[in-house]
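Asker: Pasting in a structure now, in structure tokens, and then I'll have a few things to ask.
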Amino acid sequence: MTGVVGIWALAGATAGTSLGVTLQLTGQHTTGAASLGIGCLAGFAVLGAIAYKVERGWAEGRPEVLDGRGRSSRPLHGALYGLPLVLALPAVLWLMVVGSVGTQSIIPAITFGVAALGMAWAGLRLWSTHRLTRALESLELGHEEDAISALRVLQASALTSRKTRTVAKLNLGTLALQHGRLDDAASWLIGIDDGQAGAHARVGLALVRALQGESEQARFLVAQAMSGRAARAVQGQADAVRILIVLAEEGEPGALEFGERLLGQSSSGLHQALVGALRQRRGQQESAHELLMSPGAAAILQSGLAAKIPLLQGL
């Protein structure tokens with residue numbers, strides 16, 4: 001809330017100062033810049049707080065998406081930041097003119113001109129972040145084609161931030177993996193190295209390599225993903241890939257023992273599906289059925305990814 005109120009207050013102060021300077025230059029008010037600037041700052045701060053409360057109420061009707069820390073949340077609507085920027089930009093441009101006229105100097109024009117460029121650039125980045133959020137919400141609502149189209153545009157645009165492009169590529173790679181398009185998934189995930197996104201990308205790429213029979217490369221990628229600060233966030237997915245590696249190197253008994261040892265409430269759907277399938281192979285029908293019917297495992301079995309895993313084919 002503090003950030004929203006702050007940017008609204010700054011926009012109000014800018015607009016009020018612009019109007020006040022104009023009144024002073026025309027002789028209609030002697031202290032217009034100071035009084036109007038402070039008054040608009042306070043008024044817009046109140047408006048920002050109200051806008052925040054209203055937006056949080058509306059947000060209850062939107063789906064949750066994963067934030068940068070892997071937690072589900074409903075991000076603030078871009079308009080909360082975009083509207084004050086739109087209101088402040090004309091004021092800054094006007095201050096560039098009246099400031100230079102009032103002081104008979106080019107310095108205000110340069111100062112406020114740079115500020116206006118910075119605001120315009122921030123607005124473009126804010127717009128791209130807003131579009132990314134809407135694309136992720138579309139995914140949650142099941143509008144996959146619309147989301148993919150938006151994500152492809154975002155990852156290719158030079159006007160979007162590096163973080164936005166990274167998140168777009170990661171989601172495109174994850175979607176390709178869910179549909180069983182291994183080469184397509186790898187093309188999106190390769191090159192994502194930063195922070196938590198990099199850890200998720202390495203685990204996804206490790207899954208691709210494991211399914212392509214490259215166990216050594218898969219093991220290396222899992223080790224890389226688990227060596228950073230984001231290890232906990234990708235633990236569940238990494239464990240599932242490790243089961244596939246053990247399955248390829250030691251066979252079903254070793255993979256089942258390994259998977260059972262790591263199985264827990266935080267295990268991924270793929271982990272549950274693999275252990276369930278291995279239990280079924282060992283004749284443990286009842287416990288296998290219970291695990292395979294869990295929401296996470298069921299989602300994996302209904303995806304294109306299951307068709308790429310011989311153990312899961314036919315389930």
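Chains: A, B, ... in order of the structure tokens. Residues: from 1 per chain. Ligands: from 1, in order shown.
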Check segment 10-239 of chain A with DSSP on the backbone and list each residue it calls alpha helix (DSSP H), as a VMD selection string.

Answerer: chain A and resid 10 to 25 32 to 59 79 to 103 107 to 140 144 to 156 162 to 178 182 to 189 195 to 211 215 to 225 235 to 239

Asker: Gly198 of chain A: which residues within 9 Å, counting only C-alpha atoms, same-chain residues fewer than 4 positions away excluded, as a list in words?

Answerer: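 So the residues in contact are Thr166, Leu170, Leu189, Gly191, Ile192, Asp193, Asp194, Arg202, Val203, Ala225 and Ala230 of chain A.
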
Asker: So that I can check the surroundings of Leu151 of chain A, please list as an MDAnalysis selection string every protein, DNA and RNA residue that reaches within 10 Å of it, counting only C-alpha atoms and ignoring chain neighbours fewer than 3 positions away.

Answerer: chainID A and resid 131:132 134:136 145:148 154:156 164:165 167:172

Asker: Those residues you just picked out, can you put them in a file as a JSON list (two decimals), in the first residue's frame with C-alpha atoms?

Answerer:
```json
[["chain", "number", "residue", "atom", "x", "y", "z"],
["A", 131, "ARG", "CA", 0.35, -7.65, -19.73],
["A", 132, "LEU", "CA", 2.43, -10.44, -18.20],
["A", 134, "ARG", "CA", -2.94, -10.71, -17.41],
["A", 135, "ALA", "CA", -1.35, -13.54, -19.45],
["A", 136, "LEU", "CA", -0.63, -15.55, -16.31],
["A", 145, "GLU", "CA", -4.04, -19.91, -26.54],
["A", 146, "ASP", "CA", -4.54, -16.26, -25.57],
["A", 147, "ALA", "CA", -1.91, -16.56, -22.86],
["A", 148, "ILE", "CA", 0.65, -18.18, -25.17],
["A", 154, "LEU", "CA", 6.36, -10.19, -24.42],
["A", 155, "GLN", "CA", 9.46, -12.39, -24.64],
["A", 156, "ALA", "CA", 10.30, -10.98, -28.08],
["A", 164, "THR", "CA", 9.40, -9.95, -17.79],
["A", 165, "ARG", "CA", 11.03, -11.64, -20.79],
["A", 167, "VAL", "CA", 9.19, -15.08, -16.85],
["A", 168, "ALA", "CA", 7.49, -15.23, -20.26],
["A", 169, "LYS", "CA", 10.10, -17.67, -21.60],
["A", 170, "LEU", "CA", 9.91, -19.81, -18.46],
["A", 171, "ASN", "CA", 6.15, -20.12, -18.77],
["A", 172, "LEU", "CA", 6.37, -20.92, -22.48]]
```

Asker: Using only C-alpha atoms, determine which residues lie at most 7 Å from segment 87-92 of chain A, disregarding the query and same-chain residues fewer than 3 positions distant; provide the list as an mmCIF file with N, CA and C atoms, in the first residue's frame.

Answerer:
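Generated file (result.cif):
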```cif
data_model
loop_
_atom_site.group_PDB
_atom_site.id
_atom_site.type_symbol
_atom_site.label_atom_id
_atom_site.label_comp_id
_atom_site.auth_asym_id
_atom_site.auth_seq_id
_atom_site.Cartn_x
_atom_site.Cartn_y
_atom_site.Cartn_z
ATOM 1 N N ALA A 11 2.538 12.146 -7.812
ATOM 2 C CA ALA A 11 1.820 12.659 -8.983
ATOM 3 C C ALA A 11 1.023 13.900 -8.623
ATOM 4 N N THR A 14 3.351 16.868 -8.208
ATOM 5 C CA THR A 14 3.826 17.337 -9.504
ATOM 6 C C THR A 14 2.757 18.173 -10.210
ATOM 7 N N ALA A 15 1.531 17.647 -10.220
ATOM 8 C CA ALA A 15 0.443 18.375 -10.875
ATOM 9 C C ALA A 15 0.164 19.696 -10.172
ATOM 10 N N SER A 18 2.959 22.214 -10.857
ATOM 11 C CA SER A 18 2.853 22.725 -12.222
ATOM 12 C C SER A 18 1.793 23.818 -12.321
ATOM 13 N N LEU A 83 -2.138 5.049 -13.765
ATOM 14 C CA LEU A 83 -2.967 6.250 -13.753
ATOM 15 C C LEU A 83 -2.233 7.468 -13.207
ATOM 16 N N PRO A 84 -1.567 7.371 -12.044
ATOM 17 C CA PRO A 84 -0.817 8.555 -11.577
ATOM 18 C C PRO A 84 0.317 8.951 -12.516
ATOM 19 N N LEU A 95 6.069 21.719 -16.706
ATOM 20 C CA LEU A 95 7.111 22.312 -15.859
ATOM 21 C C LEU A 95 8.401 22.530 -16.647
ATOM 22 N N MET A 96 8.648 21.684 -17.624
ATOM 23 C CA MET A 96 9.829 21.845 -18.472
ATOM 24 C C MET A 96 9.765 23.176 -19.220
ATOM 25 N N PHE A 112 13.548 18.542 -16.247
ATOM 26 C CA PHE A 112 12.210 17.964 -16.352
ATOM 27 C C PHE A 112 12.053 17.103 -17.614
ATOM 28 N N ALA A 116 10.732 13.369 -17.596
ATOM 29 C CA ALA A 116 9.621 12.913 -18.443
ATOM 30 C C ALA A 116 10.001 11.654 -19.217
ATOM 31 N N MET A 119 9.868 8.771 -16.855
ATOM 32 C CA MET A 119 8.488 8.373 -16.566
ATOM 33 C C MET A 119 7.879 7.606 -17.733
#
```

Asker: Find the distance between atom CA of His130 of chain A and atom CA of Ala233 of chain A and write it in Å to one decimal.

Answerer: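 So the two atoms, atom CA of His130 of chain A and atom CA of Ala233 of chain A, lie 24.3 Å apart.
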
Asker: Could you pull the residues within 12 Å of Leu263 of chain A, counting only C-alpha atoms, minus those fewer than 3 positions along the same chain, as a list of chain:residue names?

Answerer: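 Once the nearby chain positions are removed, what remains is A:Gln235, A:Gly236, A:Gln237, A:Asp239, A:Ala240, A:Ile243, A:Ala255, A:Leu256, A:Glu257, A:Phe258, A:Gly259, A:Glu260, A:Ser266, A:Ser267, A:Ser268, A:Gly269, A:Leu270, A:His271, A:Gln272, A:Ala273, A:Leu274, A:Val275, A:Gly276, A:Leu291.
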
Asker: Excluding Val65 of chain A and residues on its chain fewer than 6 positions from it, collect all residues at most 12 Å away from it, counting only C-alpha atoms, and give them as a PyMOL selection string.

Answerer: chain A and resi 59+71-76+132-141+171

Asker: At most 6 Å is the cut-off: for each residue in segment 220-312 of chain A with any atom that close to an atom of segment 175-178 of chain A, write down the nearest atom pair and the distance in Å rounded to one decimal, counting only C-alpha atoms, chain first then increasing number, as a tab-separated table.

Answerer:
```
residue	atom	partner	partner_atom	distance
A:Ser303	CA	A:Gln178	CA	6.0
A:Gly304	CA	A:Gln178	CA	5.8
A:Leu305	CA	A:Gln178	CA	5.1
```
